[in-house]
file data09.cif (mmCIF, C-alpha atoms)
data_coords
#
loop_
_atom_site.label_atom_id
_atom_site.label_comp_id
_atom_site.auth_asym_id
_atom_site.auth_seq_id
_atom_site.Cartn_x
_atom_site.Cartn_y
_atom_site.Cartn_z
CA MET H 1 76.95 99.49 83.91
CA LEU H 2 74.68 101.82 85.89
CA PRO H 3 71.72 101.84 83.45
CA LEU H 4 71.88 98.05 83.24
CA PHE H 5 71.91 97.68 87.04
CA LYS H 6 69.01 100.08 87.35
CA ARG H 7 66.88 98.30 84.77
CA GLU H 8 67.53 94.80 86.09
CA LEU H 9 67.64 95.31 89.86
CA VAL H 10 65.32 98.24 90.48
CA GLU H 11 62.76 98.25 87.69
CA LYS H 12 62.47 94.60 86.73
CA HIS H 13 63.05 92.61 89.93
CA HIS H 14 62.42 95.30 92.58
CA TRP H 15 65.23 93.87 94.72
CA ILE H 16 66.46 97.26 95.89
CA THR H 17 65.35 100.88 95.73
CA GLU H 18 67.17 103.46 93.69
CA ASP H 19 68.77 105.00 96.80
CA GLU H 20 70.10 101.61 97.84
CA LEU H 21 71.46 101.19 94.33
CA MET H 22 73.42 104.43 94.63
CA ASP H 23 74.77 103.29 98.02
CA MET H 24 75.74 99.97 96.47
CA ILE H 25 77.57 101.58 93.55
CA SER H 26 79.46 104.13 95.63
CA ILE H 27 80.63 101.50 98.12
CA SER H 28 81.53 99.02 95.40
CA GLN H 29 83.68 101.64 93.73
CA SER H 30 85.64 102.45 96.84
CA VAL H 31 86.47 98.84 97.72
CA PRO H 32 89.15 96.98 95.74
CA GLY H 33 87.87 94.56 93.13
CA SER H 34 85.58 94.88 90.16
CA LEU H 35 82.26 96.69 90.32
CA THR H 36 80.25 93.60 89.36
CA ILE H 37 81.76 91.30 91.96
CA ASN H 38 81.52 93.89 94.73
CA SER H 39 77.94 94.76 93.88
CA ALA H 40 77.02 91.07 93.81
CA ALA H 41 78.50 90.58 97.28
CA PHE H 42 76.69 93.63 98.60
CA LEU H 43 73.35 92.72 97.07
CA GLY H 44 73.57 89.09 98.22
CA ARG H 45 74.46 90.17 101.75
CA THR H 46 71.61 92.67 102.08
CA MET H 47 69.02 90.27 100.64
CA GLU H 48 69.94 86.82 101.95
CA GLY H 49 72.85 87.22 104.36
CA ILE H 50 76.22 85.54 103.95
CA LYS H 51 74.77 82.61 101.99
CA GLY H 52 73.30 85.08 99.52
CA ALA H 53 76.64 86.85 99.15
CA VAL H 54 78.45 83.58 98.41
CA PHE H 55 75.98 82.56 95.72
CA ALA H 56 75.75 86.02 94.16
CA ILE H 57 79.53 86.28 93.90
CA LEU H 58 79.77 82.79 92.42
CA GLY H 59 77.18 83.75 89.83
CA ALA H 60 79.06 86.94 88.96
CA ALA H 61 82.34 85.04 88.57
CA LEU H 62 80.93 82.09 86.65
CA ALA H 63 80.21 83.89 83.37
CA PRO H 64 83.74 85.29 82.98
CA MET H 65 85.14 81.87 83.87
CA LEU H 66 83.10 80.17 81.14
CA CYS H 67 84.31 82.76 78.64
CA ILE H 68 87.90 82.14 79.68
CA ALA H 69 87.29 78.40 79.24
CA LEU H 70 86.19 79.17 75.68
CA VAL H 71 89.31 81.31 75.12
CA VAL H 72 91.55 78.53 76.42
CA VAL H 73 89.94 76.03 74.03
CA ILE H 74 90.11 78.28 70.96
CA GLU H 75 93.56 79.75 71.58
CA PRO H 76 95.74 76.79 70.43
CA LEU H 77 93.79 76.65 67.14
CA ILE H 78 94.60 80.23 66.15
CA ASP H 79 98.00 80.60 67.82
CA GLY H 80 100.71 81.76 65.41
CA ASN H 81 98.32 82.85 62.66
CA ILE H 82 99.73 86.04 61.13
CA TYR H 83 96.32 87.74 60.85
CA VAL H 84 95.58 87.04 64.50
CA ASP H 85 98.94 88.59 65.37
CA HIS H 86 98.08 91.72 63.40
CA PHE H 87 94.64 91.85 64.97
CA PHE H 88 96.24 91.92 68.41
CA THR H 89 98.75 94.57 67.34
CA GLY H 90 95.72 96.73 66.63
CA VAL H 91 94.06 95.78 69.92
CA ARG H 92 97.19 96.69 71.91
CA ALA H 93 97.24 100.10 70.25
CA ALA H 94 93.54 100.57 71.05
CA VAL H 95 94.20 99.90 74.73
CA VAL H 96 96.64 102.86 74.77
CA GLY H 97 93.76 105.08 73.64
CA LEU H 98 91.35 103.54 76.14
CA ILE H 99 93.68 104.03 79.10
CA LEU H 100 94.42 107.61 78.09
CA SER H 101 90.70 108.33 77.92
CA ALA H 102 90.08 106.71 81.32
CA LEU H 103 92.91 108.75 82.86
CA LEU H 104 91.50 112.01 81.53
CA ASP H 105 88.02 111.08 82.82
CA LEU H 106 89.42 110.36 86.29
CA ARG H 107 91.57 113.49 86.42
CA SER H 108 88.86 115.96 87.37
CA HIS H 109 87.40 114.11 90.35
CA VAL H 110 90.48 112.35 91.71
CA LEU H 111 93.05 115.14 91.52
CA GLN H 112 91.33 117.71 93.71
CA SER H 113 94.39 119.33 95.27
CA LYS H 114 98.07 119.74 94.54
CA ALA H 115 98.85 117.07 97.12
CA ASP H 116 96.83 114.53 95.10
CA LEU H 117 98.93 115.40 92.08
CA VAL H 118 102.09 114.81 94.14
CA ILE H 119 100.84 111.39 95.28
CA MET H 120 100.00 110.44 91.70
CA ALA H 121 103.32 111.59 90.24
CA GLY H 122 105.19 110.01 93.14
CA SER H 123 103.44 106.65 92.67
CA PHE H 124 104.22 106.75 88.98
CA GLY H 125 107.88 107.55 89.63
CA ALA H 126 108.10 104.90 92.33
CA MET H 127 106.75 102.33 89.91
CA GLN H 128 108.85 103.32 86.90
CA VAL H 129 112.14 104.55 88.34
CA PHE H 130 112.52 102.91 91.74
CA ASP H 131 110.70 99.70 90.82
CA ILE H 132 108.94 99.55 94.18
CA ASN H 133 106.34 96.92 95.02
CA PHE H 134 102.79 98.19 94.53
CA VAL H 135 101.73 97.25 98.06
CA TYR H 136 104.09 99.95 99.34
CA ILE H 137 102.83 102.44 96.75
CA ILE H 138 99.19 102.07 97.77
CA ALA H 139 100.21 102.18 101.45
CA CYS H 140 102.13 105.39 100.79
CA GLY H 141 99.09 107.02 99.18
CA ILE H 142 96.90 106.10 102.16
CA LEU H 143 99.46 107.23 104.76
CA CYS H 144 100.09 110.51 102.99
CA SER H 145 96.38 111.30 102.74
CA LEU H 146 95.88 110.52 106.44
CA PHE H 147 98.94 112.61 107.31
CA LEU H 148 97.47 115.67 105.60
CA TYR H 149 94.08 115.02 107.22
CA PHE H 150 95.59 114.89 110.71
CA LEU H 151 97.66 117.99 109.98
CA ALA H 152 94.61 119.93 108.86
CA ASN H 153 92.73 118.89 112.00
CA LYS H 154 95.73 119.66 114.24
CA ASN H 155 95.68 116.07 115.55
CA LYS H 156 99.23 115.70 116.91
CA VAL H 157 98.82 112.07 118.01
CA GLY H 158 97.56 110.99 114.59
CA THR H 159 100.35 112.81 112.79
CA ALA H 160 102.92 111.20 115.07
CA ILE H 161 101.45 107.73 114.47
CA ILE H 162 101.56 108.22 110.70
CA LEU H 163 105.16 109.49 110.75
CA GLY H 164 106.12 106.63 113.07
CA SER H 165 104.64 103.99 110.78
CA ASN H 166 106.41 105.70 107.92
CA LEU H 167 109.70 105.29 109.81
CA VAL H 168 108.95 101.61 110.43
CA ILE H 169 108.22 101.00 106.74
CA SER H 170 111.43 102.81 105.76
CA ALA H 171 113.35 100.60 108.15
CA ILE H 172 111.77 97.40 106.77
CA ASN H 173 112.46 98.31 103.15
CA TYR H 174 115.08 101.04 102.85
CA LYS H 175 114.45 101.42 99.11
CA THR H 176 110.99 102.83 99.79
CA ALA H 177 112.38 105.47 102.15
CA TYR H 178 113.24 107.93 99.34
CA VAL H 179 109.80 107.65 97.82
CA PHE H 180 107.83 107.80 101.07
CA TRP H 181 109.66 110.75 102.57
CA GLY H 182 109.85 112.49 99.20
CA ILE H 183 106.10 112.27 98.66
CA PHE H 184 105.44 113.29 102.27
CA ALA H 185 107.73 116.32 102.07
CA LEU H 186 106.38 117.50 98.71
CA SER H 187 102.74 117.08 99.69
CA TYR H 188 103.44 118.89 102.98
CA ILE H 189 104.84 121.80 100.99
CA CYS H 190 101.75 121.76 98.76
CA TYR H 191 99.52 121.69 101.82
CA ARG H 192 101.32 124.65 103.38
CA TYR H 193 101.20 126.53 100.08
CA ASP H 194 97.45 125.95 99.74
CA ARG H 195 96.87 127.10 103.31
CA PHE H 196 98.97 130.21 102.63
CA GLN H 197 96.91 130.98 99.52
CA ILE H 198 93.64 130.55 101.39
CA ARG H 199 94.79 132.79 104.24
CA LYS H 200 95.92 135.43 101.78
CA LYS H 201 92.54 135.28 100.05
CA ILE H 202 90.70 135.75 103.36
CA GLU H 203 92.91 138.70 104.32
CA ASN H 204 92.37 140.32 100.93
CA LYS H 205 88.63 139.90 101.35
CA ASN H 206 88.72 141.57 104.75
CA ILE H 207 90.69 144.53 103.40
CA GLU H 208 88.28 144.86 100.48
CA GLN H 209 85.32 144.79 102.82
CA GLU H 210 86.82 147.52 104.97
CA GLU H 211 87.41 149.67 101.91
CA LYS H 212 83.89 149.11 100.60
CA ASN H 213 82.31 149.70 103.96
CA PRO H 214 83.76 152.82 105.59
CA HIS H 215 81.52 152.38 108.63
CA VAL H 216 83.76 149.61 109.85
CA ALA H 217 86.73 151.93 109.85
CA LEU H 218 84.76 154.90 111.24
CA LYS H 219 83.21 152.99 114.12
CA GLY H 220 86.25 153.45 116.30
CA GLU H 221 86.30 157.22 115.75
CA GLU H 222 82.59 157.53 116.43
CA ALA H 223 83.03 155.69 119.67
CA ASN H 224 85.77 158.11 120.62
CA ALA H 225 83.61 161.14 119.75
CA ASN H 226 80.69 159.83 121.80
CA THR H 227 82.78 159.55 124.92
CA MET U 228 102.53 73.90 95.67
CA LEU U 229 102.66 76.11 92.60
CA ILE U 230 98.87 76.29 92.75
CA LEU U 231 99.00 77.50 96.34
CA GLU U 232 101.47 80.23 95.39
CA LEU U 233 99.17 81.18 92.54
CA PHE U 234 96.31 81.50 95.02
CA LEU U 235 98.36 83.68 97.36
CA ARG U 236 99.58 85.95 94.57
CA PHE U 237 96.09 86.53 93.24
CA PHE U 238 94.76 86.98 96.76
CA LYS U 239 97.26 89.80 97.21
CA LEU U 240 96.26 91.30 93.86
CA GLY U 241 92.61 91.15 94.91
CA PHE U 242 93.29 93.58 97.74
CA MET U 243 95.15 95.95 95.45
CA SER U 244 92.89 96.13 92.42
CA PHE U 245 91.65 99.67 92.84
CA GLY U 246 90.46 101.79 89.98
CA GLY U 247 89.14 99.17 87.60
CA GLY U 248 90.89 97.10 85.00
CA TYR U 249 93.72 99.24 83.72
CA ALA U 250 95.42 100.24 86.93
CA ILE U 251 96.04 96.59 87.66
CA VAL U 252 98.09 95.77 84.52
CA PRO U 253 101.65 96.49 85.74
CA LEU U 254 100.86 94.82 89.08
CA LEU U 255 99.42 91.79 87.33
CA TYR U 256 102.48 91.51 85.11
CA GLU U 257 104.79 91.84 88.09
CA GLU U 258 103.00 89.05 89.97
CA VAL U 259 102.32 86.76 87.02
CA SER U 260 105.79 86.95 85.47
CA GLY U 261 107.16 85.61 88.77
CA ILE U 262 105.49 82.22 88.28
CA TRP U 263 104.68 82.07 84.57
CA ASP U 264 107.05 82.59 81.65
CA VAL U 265 105.36 85.28 79.56
CA THR U 266 106.71 88.20 77.51
CA LYS U 267 105.32 91.70 77.84
CA THR U 268 103.82 91.59 74.35
CA GLN U 269 102.06 88.27 74.99
CA PHE U 270 100.74 89.64 78.24
CA ALA U 271 99.52 92.84 76.59
CA ASN U 272 97.72 90.68 74.00
CA LEU U 273 95.98 88.83 76.81
CA ILE U 274 94.83 92.06 78.46
CA GLY U 275 93.49 93.21 75.09
CA LEU U 276 91.61 89.93 74.80
CA PHE U 277 90.13 90.30 78.28
CA GLU U 278 88.90 93.71 77.18
CA LEU U 279 86.71 91.86 74.67
CA THR U 280 85.42 89.15 77.01
CA PRO U 281 82.84 89.89 79.72
CA GLY U 282 84.02 90.27 83.30
CA SER U 283 86.79 92.35 84.78
CA VAL U 284 90.39 92.11 83.62
CA THR U 285 91.55 90.84 87.01
CA VAL U 286 89.07 87.95 87.25
CA ASN U 287 89.67 86.93 83.65
CA ALA U 288 93.44 87.07 84.07
CA ALA U 289 93.20 84.95 87.21
CA GLY U 290 91.20 82.30 85.35
CA TYR U 291 93.49 82.29 82.33
CA VAL U 292 96.83 82.31 84.13
CA GLY U 293 95.53 79.77 86.64
CA TYR U 294 94.59 77.43 83.81
CA GLN U 295 97.97 77.81 82.10
CA ILE U 296 99.79 76.85 85.28
CA GLY U 297 97.53 74.42 87.10
CA LYS U 298 94.80 73.46 84.60
CA ILE U 299 91.25 73.53 86.01
CA PRO U 300 92.11 73.40 89.75
CA GLY U 301 94.55 76.25 89.15
CA ALA U 302 91.95 78.33 87.36
CA VAL U 303 89.32 77.80 90.07
CA LEU U 304 91.72 78.45 92.93
CA SER U 305 93.23 81.62 91.50
CA THR U 306 89.77 83.00 90.64
CA ILE U 307 88.66 82.34 94.20
CA GLY U 308 91.86 84.01 95.38
CA VAL U 309 91.18 87.17 93.43
CA ILE U 310 87.51 87.54 94.47
CA LEU U 311 87.97 86.56 98.11
CA PRO U 312 89.25 90.04 99.16
CA SER U 313 86.22 91.70 97.55
CA PHE U 314 83.97 89.25 99.34
CA ILE U 315 85.54 89.78 102.77
CA LEU U 316 85.70 93.57 102.50
CA MET U 317 82.17 93.91 101.13
CA LEU U 318 80.78 91.71 103.92
CA ILE U 319 82.46 93.83 106.58
CA ILE U 320 81.47 97.12 104.99
CA SER U 321 77.88 96.28 104.17
CA SER U 322 77.28 95.38 107.81
CA LEU U 323 78.59 98.76 108.98
CA LEU U 324 77.21 100.67 106.04
CA LYS U 325 76.24 103.87 107.80
CA ARG U 326 79.44 104.18 109.76
CA PHE U 327 81.51 103.49 106.65
CA SER U 328 80.13 106.19 104.41
CA GLU U 329 80.06 108.82 107.15
CA ASN U 330 83.45 108.11 108.70
CA GLU U 331 85.93 110.83 107.74
CA LEU U 332 88.93 108.54 108.21
CA THR U 333 87.74 105.92 105.72
CA ASN U 334 86.92 108.67 103.24
CA GLU U 335 90.44 109.99 103.71
CA VAL U 336 91.90 106.51 103.07
CA ILE U 337 89.94 106.28 99.82
CA ARG U 338 91.05 109.78 98.88
CA GLY U 339 94.67 108.68 99.22
CA VAL U 340 94.23 105.41 97.37
CA ARG U 341 92.76 107.00 94.26
CA PRO U 342 95.70 109.21 93.21
CA ALA U 343 98.08 106.33 93.93
CA ALA U 344 95.97 104.06 91.72
CA MET U 345 96.05 106.75 89.04
CA GLY U 346 99.85 106.81 89.21
CA ILE U 347 99.89 103.06 88.70
CA MET U 348 97.50 103.55 85.80
CA CYS U 349 100.04 105.90 84.19
CA SER U 350 102.51 103.03 84.49
CA SER U 351 100.13 100.77 82.63
CA LEU U 352 99.87 103.41 79.92
CA ILE U 353 103.66 103.25 79.59
CA PHE U 354 103.44 99.44 79.59
CA PHE U 355 101.05 99.48 76.62
CA ILE U 356 102.93 102.21 74.74
CA GLY U 357 106.04 100.08 75.12
CA THR U 358 104.35 97.00 73.73
CA SER U 359 102.51 98.65 70.85
CA ILE U 360 103.69 102.03 69.64
CA MET U 361 107.40 101.36 70.15
CA GLU U 362 108.47 99.25 67.19
CA ALA U 363 111.03 97.18 69.06
CA GLY U 364 108.39 95.97 71.49
CA ASN U 365 110.04 97.76 74.37
CA MET U 366 110.57 101.26 75.66
CA PRO U 367 114.10 102.53 74.95
CA LYS U 368 116.26 101.80 77.99
CA SER U 369 118.51 104.86 77.73
CA ILE U 370 118.41 108.20 75.94
CA SER U 371 120.97 107.09 73.34
CA ASP U 372 118.72 104.22 72.16
CA PRO U 373 116.89 104.99 68.93
CA LEU U 374 113.20 105.78 69.31
CA VAL U 375 111.44 103.69 66.69
CA ILE U 376 107.75 104.44 66.50
CA SER U 377 105.29 102.25 64.65
CA ILE U 378 103.14 104.64 62.60
CA PRO U 379 100.16 102.25 62.14
CA SER U 380 99.98 101.55 65.89
CA LEU U 381 100.25 105.24 66.71
CA SER U 382 97.43 106.14 64.34
CA ILE U 383 95.22 103.30 65.65
CA ALA U 384 95.86 104.48 69.21
CA ALA U 385 95.00 108.08 68.31
CA LEU U 386 91.88 107.01 66.45
CA SER U 387 90.60 104.81 69.27
CA PHE U 388 91.27 107.59 71.80
CA TYR U 389 89.22 109.94 69.64
CA ALA U 390 86.41 107.38 69.27
CA VAL U 391 86.16 106.62 73.01
CA HIS U 392 86.83 110.03 74.49
CA LYS U 393 85.16 112.40 72.05
CA LYS U 394 82.53 110.19 70.39
CA ASN U 395 81.66 108.02 73.44
CA ILE U 396 81.66 104.81 71.41
CA ASN U 397 81.54 101.55 73.43
CA PRO U 398 85.12 100.37 74.15
CA ILE U 399 84.30 96.87 72.91
CA TRP U 400 83.46 98.14 69.42
CA VAL U 401 86.52 100.38 69.45
CA THR U 402 88.75 97.44 70.37
CA LEU U 403 87.24 95.23 67.66
CA GLY U 404 87.56 98.00 65.09
CA ALA U 405 91.16 98.62 66.09
CA GLY U 406 91.85 94.90 65.63
CA ALA U 407 90.36 95.01 62.14
CA LEU U 408 92.45 98.10 61.34
CA GLY U 409 95.47 96.19 62.62
CA VAL U 410 94.82 93.40 60.12
CA LEU U 411 94.53 95.97 57.33
CA LEU U 412 97.39 98.32 58.25
CA VAL U 413 100.13 96.35 60.00
CA LYS U 414 102.59 94.61 57.71
#
call {"tool": "encode", "arguments": {"input": "data09.cif", "output": "structure tokens"}}
result
Amino acid sequence: MLPLFKRELVEKHHWITEDELMDMISISQSVPGSLTINSAAFLGRTMEGIKGAVFAILGAALAPMLCIALVVVIEPLIDGNIYVDHFFTGVRAAVVGLILSALLDLRSHVLQSKADLVIMAGSFGAMQVFDINFVYIIACGILCSLFLYFLANKNKVGTAIILGSNLVISAINYKTAYVFWGIFALSYICYRYDRFQIRKKIENKNIEQEEKNPHVALKGEEANANT
Amino acid sequence: MLILELFLRFFKLGFMSFGGGYAIVPLLYEEVSGIWDVTKTQFANLIGLFELTPGSVTVNAAGYVGYQIGKIPGAVLSTIGVILPSFILMLIISSLLKRFSENELTNEVIRGVRPAAMGIMCSSLIFFIGTSIMEAGNMPKSISDPLVISIPSLSIAALSFYAVHKKNINPIWVTLGAGALGVLLVK
């Protein structure tokens, strides 16, 4: 998508600069919805205000809608054909490969800490085993991430608010309680473990430095001798 | 009133569609199967078809399902429902652009959403394995159930993974090729 955007918007029409394009892409990716629709809304808004956003988004949605209209017209004609069935058996298998590839691509820049891995595994388990509504799953990911952020910044009020809202959600839907508290507890353990590792690393570094640099250790003795 | 419910369901999906097309599949199925009678295999076929048509899976699915339930008004309304959240959020964010990208809290929210979306994406992987590689058209429900694997589907899946991940071939060509292989291999 990116090369296409760059060619059309920056080089051909000069609607935005390349920096603005990067802004547009990064924001569009972090807001729910497809990249095209989000970018259209953003571009329309920055160029022509709200009216621009409405028309840009309509334009971006119109092409897929026309294609779907075509699909809806053609579908009854080919429905039940054995070759079409086999074609789609192949397509379904291809999607398995495509999703696997997308997951592996995402792995390196989404799963940056052990806590991220816990959130991912927990969401998967919540979906498959506990059959929990996805609204709760996304909410749990957000709450857990904020919880760790407040913990790291020693923000007691924030941590309390997050835990409180967690309690409220558990009370509203008791089924989610296992998942929410489970993910929270596990990611807290991961967070503590990471902190412990970092502290150990720093201490080791200090010891090494003292060994390498005997002046640090001798300074005290010199001071004593001078007096 | 069915159309209104359609609108609300897709509106909800619009807020949740993080991480592109695939993460949304189990959510879409959950929402759509509540108002439209569709089997998992049929639904997986549709997602495969939307892979071939331009536009995102969510928008296409909204148009298609909306048409099946409420004809043209249904299609229009559910498409509006699914893009309205993007519209609202992008309007808000583009007006506070600087504060958005520099705010640590919003970054932290996004950081939490992404692994959760990846977990849901793993679910959609299971969804597609269940509807293609498992012969019976479903994942085995308990350990004692026999595990029947369709060899042609498994090899097509492996081949398309290799083509996309290692050879960087455009997913559309891979999907079309896999369909052609399906016609040749599946009996």
call {"tool": "residues_around", "arguments": {"input": "data09.cif", "residues": "Ile356 (chain U)", "least_positions_apart": "2", "cutoff": "12 Å", "atoms": "only C-alpha atoms", "output": "PDB file with C-alpha atoms, keeping the file's coordinate frame"}}
result
ATOM      1  CA  THR H  89      98.750  94.570  67.340  1.00  0.00           C
ATOM      2  CA  VAL H  91      94.060  95.780  69.920  1.00  0.00           C
ATOM      3  CA  ARG H  92      97.190  96.690  71.910  1.00  0.00           C
ATOM      4  CA  ALA H  93      97.240 100.100  70.250  1.00  0.00           C
ATOM      5  CA  ALA H  94      93.540 100.570  71.050  1.00  0.00           C
ATOM      6  CA  VAL H  95      94.200  99.900  74.730  1.00  0.00           C
ATOM      7  CA  VAL H  96      96.640 102.860  74.770  1.00  0.00           C
ATOM      8  CA  GLY H  97      93.760 105.080  73.640  1.00  0.00           C
ATOM      9  CA  LEU H  98      91.350 103.540  76.140  1.00  0.00           C
ATOM     10  CA  ILE H  99      93.680 104.030  79.100  1.00  0.00           C
ATOM     11  CA  LEU H 100      94.420 107.610  78.090  1.00  0.00           C
TER      12      LEU H 100
ATOM     13  CA  LYS U 267     105.320  91.700  77.840  1.00  0.00           C
ATOM     14  CA  THR U 268     103.820  91.590  74.350  1.00  0.00           C
ATOM     15  CA  ALA U 271      99.520  92.840  76.590  1.00  0.00           C
ATOM     16  CA  CYS U 349     100.040 105.900  84.190  1.00  0.00           C
ATOM     17  CA  SER U 350     102.510 103.030  84.490  1.00  0.00           C
ATOM     18  CA  SER U 351     100.130 100.770  82.630  1.00  0.00           C
ATOM     19  CA  LEU U 352      99.870 103.410  79.920  1.00  0.00           C
ATOM     20  CA  ILE U 353     103.660 103.250  79.590  1.00  0.00           C
ATOM     21  CA  PHE U 354     103.440  99.440  79.590  1.00  0.00           C
ATOM     22  CA  THR U 358     104.350  97.000  73.730  1.00  0.00           C
ATOM     23  CA  SER U 359     102.510  98.650  70.850  1.00  0.00           C
ATOM     24  CA  ILE U 360     103.690 102.030  69.640  1.00  0.00           C
ATOM     25  CA  MET U 361     107.400 101.360  70.150  1.00  0.00           C
ATOM     26  CA  GLU U 362     108.470  99.250  67.190  1.00  0.00           C
ATOM     27  CA  ALA U 363     111.030  97.180  69.060  1.00  0.00           C
ATOM     28  CA  GLY U 364     108.390  95.970  71.490  1.00  0.00           C
ATOM     29  CA  ASN U 365     110.040  97.760  74.370  1.00  0.00           C
ATOM     30  CA  MET U 366     110.570 101.260  75.660  1.00  0.00           C
ATOM     31  CA  PRO U 367     114.100 102.530  74.950  1.00  0.00           C
ATOM     32  CA  VAL U 375     111.440 103.690  66.690  1.00  0.00           C
ATOM     33  CA  ILE U 376     107.750 104.440  66.500  1.00  0.00           C
ATOM     34  CA  SER U 377     105.290 102.250  64.650  1.00  0.00           C
ATOM     35  CA  SER U 380      99.980 101.550  65.890  1.00  0.00           C
ATOM     36  CA  LEU U 381     100.250 105.240  66.710  1.00  0.00           C
ATOM     37  CA  ILE U 383      95.220 103.300  65.650  1.00  0.00           C
ATOM     38  CA  ALA U 384      95.860 104.480  69.210  1.00  0.00           C
ATOM     39  CA  ALA U 385      95.000 108.080  68.310  1.00  0.00           C
TER      40      ALA U 385
END
call {"tool": "resolve_selection", "arguments": {"input": "data09.cif", "expression": "the PyMOL selection byres ((chain U) within 7 of (chain H))", "output": "ChimeraX atom specification"}}
result
/U:241-245,247,249,254,271-272,275,280-283,287,290-291,313-314,317-318,321,335-343,345-347,349-350,352,355-356,359-360,380-381,383-385,387-388,391-392,402,405-410,413
call {"tool": "atom_distance", "arguments": {"input": "data09.cif", "atom1": "CA of Met228 (chain U)", "atom2": "CA of Lys298 (chain U)"}}
result
13.5 Å
call {"tool": "atom_distance", "arguments": {"input": "data09.cif", "atom1": "CA of Lys6 (chain H)", "atom2": "CA of Leu311 (chain U)"}}
result
25.7 Å
call {"tool": "axis_aligned_box", "arguments": {"input": "data09.cif", "around": "region 117-133 of chain H", "padding_each_side": "8 Å", "output": "AutoDock Vina command-line options"}}
result
--center_x 105.7 --center_y 106.2 --center_z 91.1 --size_x 29.6 --size_y 34.5 --size_z 24.4
call {"tool": "atom_distance", "arguments": {"input": "data09.cif", "atom1": "CA of Cys190 (chain H)", "atom2": "CA of Lys205 (chain H)"}}
result
22.5 Å
call {"tool": "closest_residue", "arguments": {"input": "data09.cif", "among": "U:Leu279, U:Ala288, U:Ile399, U:Leu332", "to": "Gly158 (chain H)", "atoms": "only C-alpha atoms"}}
result
U:Leu332
call {"tool": "closest_residue", "arguments": {"input": "data09.cif", "among": "U:Leu412, U:Leu386, U:Asp264, U:Pro379", "to": "Ile296 (chain U)", "atoms": "only C-alpha atoms"}}
result
U:Asp264
call {"tool": "residues_around", "arguments": {"input": "data09.cif", "residues": "region 7-11 of chain H", "least_positions_apart": "5", "cutoff": "10 Å", "atoms": "only C-alpha atoms", "output": "list of chain:residue names"}}
result
H:Leu2, H:Ile16, H:Thr17, H:Glu18, H:Asp19, H:Glu20, H:Leu21, H:Leu43
call {"tool": "residues_around", "arguments": {"input": "data09.cif", "residues": "Leu231 (chain U)", "least_positions_apart": "3", "cutoff": "9 Å", "atoms": "all atoms listed in the file", "output": "JSON, numbers by chain"}}
result
{"U": [228, 234, 235, 236, 301, 304, 305]}
call {"tool": "resolve_selection", "arguments": {"input": "data09.cif", "expression": "the PyMOL selection byres ((chain U and resi 261) around 12)", "output": "list in words"}}
result
Leu229, Glu232, Leu233, Arg236, Phe237, Leu254, Leu255, Tyr256, Glu257, Glu258, Val259, Ser260, Ile262, Trp263, Asp264, Val265, Thr266, Val292 and Ile296 of chain U
call {"tool": "residues_around", "arguments": {"input": "data09.cif", "residues": "Tyr193 (chain H)", "least_positions_apart": "6", "cutoff": "12 Å", "atoms": "all atoms listed in the file", "output": "PyMOL selection string"}}
result
chain H and resi 113-115+186-187+199-200
